[in-house]
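Worksheet: one structure, shown below.
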Protein chains: 2
Amino acid sequence: MGGKGDRPTLATVAASAGVSVATVSKVVNGRSDVSPATRALVEHLLAQHDYVGRRGEAVQRPTVELVFYNDLNAYYTEVVQGVVRAAGEEDVAVVLSSRSTAATAEQSAASWARELAAATRRAVIVVTSELTATEVAALARARLPLVVVDPNNLPRTRVMSVGSTNFAGGLAATQHLIGLGHERIAYLGGPARTTSNQARVHGFRGAMEAAGLPVRDEYVQYRQFRYEEGVAGGATLLDLRESPTAVFAANDEIALGVIEAARVRGVRVPEDLSVVGFDDTQLAALGSPPLTTVRQPLREMGAVALRRALRLAAGEEIESHHIELATELVVRGSTAAPGRRVLPRRAPEGDGAASAGFSGVPV
Amino acid sequence: MGGKGDRPTLATVAASAGVSVATVSKVVNGRSDVSPATRALVEHLLAQHDYVGRRGEAVQRPTVELVFYNDLNAYYTEVVQGVVRAAGEEDVAVVLSSRSTAATAEQSAASWARELAAATRRAVIVVTSELTATEVAALARARLPLVVVDPNNLPRTRVMSVGSTNFAGGLAATQHLIGLGHERIAYLGGPARTTSNQARVHGFRGAMEAAGLPVRDEYVQYRQFRYEEGVAGGATLLDLRESPTAVFAANDEIALGVIEAARVRGVRVPEDLSVVGFDDTQLAALGSPPLTTVRQPLREMGAVALRRALRLAAGEEIESHHIELATELVVRGSTAAPGRRVLPRRAPEGDGAASAGFSGVPV
DNA sequence: CTGAAAGCGCTTACAG
DNA sequence: CTGAAAGCGCTTACAG
């Protein structure tokens, strides 16, 4: 009786409640002309039968749109993982889509927003935003909550964003190198205008200044967050008459590029050159040597973005428009004291002690 | 006439297209038994009338579920990218979800399939399947088309799968090393039972045999497709009394692990040891040295999987249940002739010539 | 408050 | 490939 596969209908519930289909329909639609007793009974039976509405309009799990720009890379991968995992816990589906920076021109912001609204997305999460102001406005007009993860540009007013403590990370990376005894330390950064680059370089300069160490102009470069730029930038640094003994790279890809530039020149890492990255993507642990880096909690950032997005969608007022999660230094094998395996000549601030090993344990 | 507030119905569109309501219904539901001309006309009119379905439920873009197991990694990233890009072209939304191997126990296969069917997924794409036979059966019962990318286990009867020419890849990798003059070549593989491992090791053995080179038992190891296993396996190989001069690793992670094992021992790559990987994920190009590897066209595989899934969903009969896309050797910097920068002592089969460079150009 | 009856929007098995 | 016809699930105006 009642094959398990059969979706319950109003008739099913009506029969078991001993009322008419019309009455059940009224309860489902919240009409007022039903007696409290009947309503209670019917509601109970609706739940019991797992009534989900007519086919096709089954109560869909709510969906959230997760947008990345251009190509997926190791960085996106972590954020995506965090969003997907949190979405699983919240019983929300994640629609993953890519948007090329060129798409902005091809498809109007308004039509993009309209499509998302028509597809009944609860919210939109964008990673390392290239969003234009027009797009932000279009999403707002479509009443689509928006959360940006690690925005490339300064958080716009009223745009919810999730980042990490880039300044503190830059500070920690640099202090780690200083603690190992380095004095000639270079910074190989991302595009000058991005907020993450700015915060990291300020952390770098702050640490250098506090230690009374000079920062030469040619030791600070702003490039792209890419491997090739790390190779090129590393080459210019290593070919200087007086080259640095350590490089703080603004992300892992740049750091790996620096290591490659060093290898090509016969410069050993970490014996002759220490390199610190930023992000702690999967690239970092798999390097040779494994990379000392500043960990951004990218999965957590993705998870927080998802939860914030749902709260916005639920109409909650959220106190702050920007959250920063803590970064932490992860010491692996790409950093050591300068000058060939010499031990740190003074006690480091607390994280240098573990620097010779590369246990992968966050410090 | 026709007040703006009236929501268009199938009848509205049918009337303006001059076809029956039934035909319009078929178009809306993506049935295959409509002529292309009629379909095009109706689709045009649906759009023109802003048809949104009964009761305000917007016509959802069809969705496909893309399932990965456990954690996203560099390998998944490429496949996901391919699926998402192709989905964009086909105007299908991709719902990304993860399923832990443990989930199989927690949630019954039937309820998983039912949920996906209730969410009106057109099809399910699973990457490197850990699917159980029960799950496959449950999806079939729910009439959900299934496509598996690079199945870990032999393609089950009737399961559509997309892979690559692993045997040819294993052959090409090994011939490349032989062409460079290597004779003591080891194979560091994945789990013994996986089809990809089996095909790759057979390619390896085939090339060795054809060249009249012996394969020592201790030179062949089956492990996991993981970095740590590459480090451990590389260590055992390098610590042998007579260690190999080249290692063919069954994926990029293993290869990077071998390179790390070499670095720790002061063994230089490629001068003292050549290493070839498999996959050509983003890890390969960013290594130090950049990795010579066998490229699997992972994005293309993802794209093909998506398109096949849609064809299955449209009820098309598909001739073959398994497709293999071509692999190709990509020569970068981790391979060279044995014995310290000596040039290849005989002309290689055609790809060895470029082996000293690492241009990243597929050969 | 309740439900019989009419009717709406859609789907589908089937005949042509 | 098309559509007439049957039918499903639901809603609603209205009689009681």
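Following the order of the structure tokens, chains are lettered A, B, ..., residues in each are numbered from 1, and ligands are numbered from 1.
Applying a distance limit of 7 Å to only C-alpha atoms, the residues of chain A near chain B read Ala58, Gln60, Leu72, Ala74, Thr77, Gln81, Val84, Ala93, Val94, Val95, Leu96, Ser97, Ala118, Ala119, Tyr227, Leu256, Ile259, Glu260, Leu283, Leu286, Gly287, Ser288 and Pro289 of chain A.
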Over all C-alpha atoms paired in order - RMSD of chain A on chain B: 4.6 Å
What are the closest atom pairs, with distances in Å to one decimal, for each residue of chain C lying within 12 Å of chain B, using only C-alpha atoms (C1' of nucleotides), rows by chain and rising residue number, as JSON lines?
{"residue": "C:DC8", "atom": "C1'", "partner": "B:Arg54", "partner_atom": "CA", "distance": 10.0}
{"residue": "C:DG9", "atom": "C1'", "partner": "B:Arg54", "partner_atom": "CA", "distance": 6.6}
{"residue": "C:DC10", "atom": "C1'", "partner": "B:Ser25", "partner_atom": "CA", "distance": 7.5}
{"residue": "C:DT11", "atom": "C1'", "partner": "B:Ser25", "partner_atom": "CA", "distance": 7.5}
{"residue": "C:DT12", "atom": "C1'", "partner": "B:Ala22", "partner_atom": "CA", "distance": 8.8}
Once you have the residues from the selection above, write them out as a PDB file, in the first residue's frame, restricted to C-alpha atoms (C1' of nucleotides).
ATOM      1  C1'  DC C   8      -6.516  25.703 -14.532  1.00  0.00           C
ATOM      2  C1'  DG C   9      -1.899  24.507 -15.979  1.00  0.00           C
ATOM      3  C1'  DC C  10       0.606  21.006 -17.079  1.00  0.00           C
ATOM      4  C1'  DT C  11       2.132  16.164 -18.576  1.00  0.00           C
ATOM      5  C1'  DT C  12       2.034  11.904 -21.041  1.00  0.00           C
TER       6       DT C  12
END
Two-atom distance - atom CA of A:Pro214, atom CA of A:Gly333 (Å): 26.1 Å
Strand (DSSP E) call set, DSSP backbone run, stretch 11-219 of chain B, as an MDAnalysis selection string: chainID B and resid 63:69 93:99 121:127 146:149 160:164 185:189
Picked from stretch 183-343 of chain A by DSSP as helix (DSSP H, G or I), as JSON, numbers by chain: {"A": [195, 196, 197, 198, 199, 200, 201, 202, 203, 204, 205, 206, 207, 208, 209, 210, 217, 218, 219, 227, 228, 229, 230, 231, 232, 233, 234, 235, 236, 237, 238, 252, 253, 254, 255, 256, 257, 258, 259, 260, 261, 262, 263, 264, 282, 283, 284, 285, 298, 299, 300, 301, 302, 303, 304, 305, 306, 307, 308, 309, 310, 311, 312, 313]}
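Considering the residues B:Val331, B:Ala235, B:Leu131, B:Leu177 and counting only C-alpha atoms, B:Met208 has its shortest atom-to-atom contact with B:Leu177.
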One-decimal distance in Å that lies between atom CA of B:Val220 and atom CA of B:Thr101: 28.0 Å
Residues within 12 Å of C:DG3, only C-alpha atoms (C1' of nucleotides), excluding chain neighbours under 2 positions, as an mmCIF file with C-alpha atoms (C1' of nucleotides), in the first residue's frame:
data_model
loop_
_atom_site.group_PDB
_atom_site.id
_atom_site.type_symbol
_atom_site.label_atom_id
_atom_site.label_comp_id
_atom_site.auth_asym_id
_atom_site.auth_seq_id
_atom_site.Cartn_x
_atom_site.Cartn_y
_atom_site.Cartn_z
ATOM 1 C CA ALA A 14 -6.788 14.274 2.826
ATOM 2 C CA GLY A 18 -10.527 12.194 6.741
ATOM 3 C CA VAL A 19 -11.114 15.599 5.181
ATOM 4 C CA SER A 20 -11.496 16.830 1.624
ATOM 5 C CA VAL A 21 -8.671 17.733 -0.701
ATOM 6 C CA ALA A 22 -9.937 21.294 -0.704
ATOM 7 C CA THR A 23 -9.467 21.587 3.015
ATOM 8 C CA VAL A 24 -5.943 20.307 2.892
ATOM 9 C CA SER A 25 -5.199 22.757 0.109
ATOM 10 C CA LYS A 26 -6.408 25.587 2.318
ATOM 11 C CA VAL A 34 -10.152 26.336 8.532
ATOM 12 C "C1'" DC C 1 -16.237 25.876 8.607
ATOM 13 C "C1'" DA C 5 -17.712 20.708 -8.434
ATOM 14 C "C1'" DT D 12 -11.239 28.484 -5.701
ATOM 15 C "C1'" DC D 14 -19.856 28.948 -3.846
ATOM 16 C "C1'" DA D 15 -23.671 26.219 -1.703
ATOM 17 C "C1'" DG D 16 -24.739 24.344 2.507
#
Near-B:Asp280 list (7 Å; only C-alpha atoms (C1' of nucleotides); drop same-chain fewer than 6 positions) as a PyMOL selection string: chain B and resi 252+293-296
Could the residues in this selection be saved with N, CA and C atoms as a compact mmCIF listing (two decimals), in the first residue's frame?
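Output file again_12.txt is given in full below:
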# COMPACT_ATOMS: atom_id res chain seq x y z
N ASP B 252 51.45 13.65 -10.57
CA ASP B 252 52.33 14.78 -10.27
C ASP B 252 52.68 14.87 -8.79
N THR B 293 56.01 15.84 -17.51
CA THR B 293 54.87 15.03 -17.09
C THR B 293 54.03 14.61 -18.29
N VAL B 294 53.17 13.65 -18.05
CA VAL B 294 52.24 13.23 -19.10
C VAL B 294 50.94 13.98 -18.87
N ARG B 295 50.57 14.75 -19.84
CA ARG B 295 49.39 15.58 -19.69
C ARG B 295 48.12 14.78 -19.92
N GLN B 296 47.24 14.79 -18.94
CA GLN B 296 45.88 14.34 -19.19
C GLN B 296 45.08 15.60 -19.51
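From atom CA of B:Arg200 back to atom CA of B:Val275, the distance works out to 15.1 Å.
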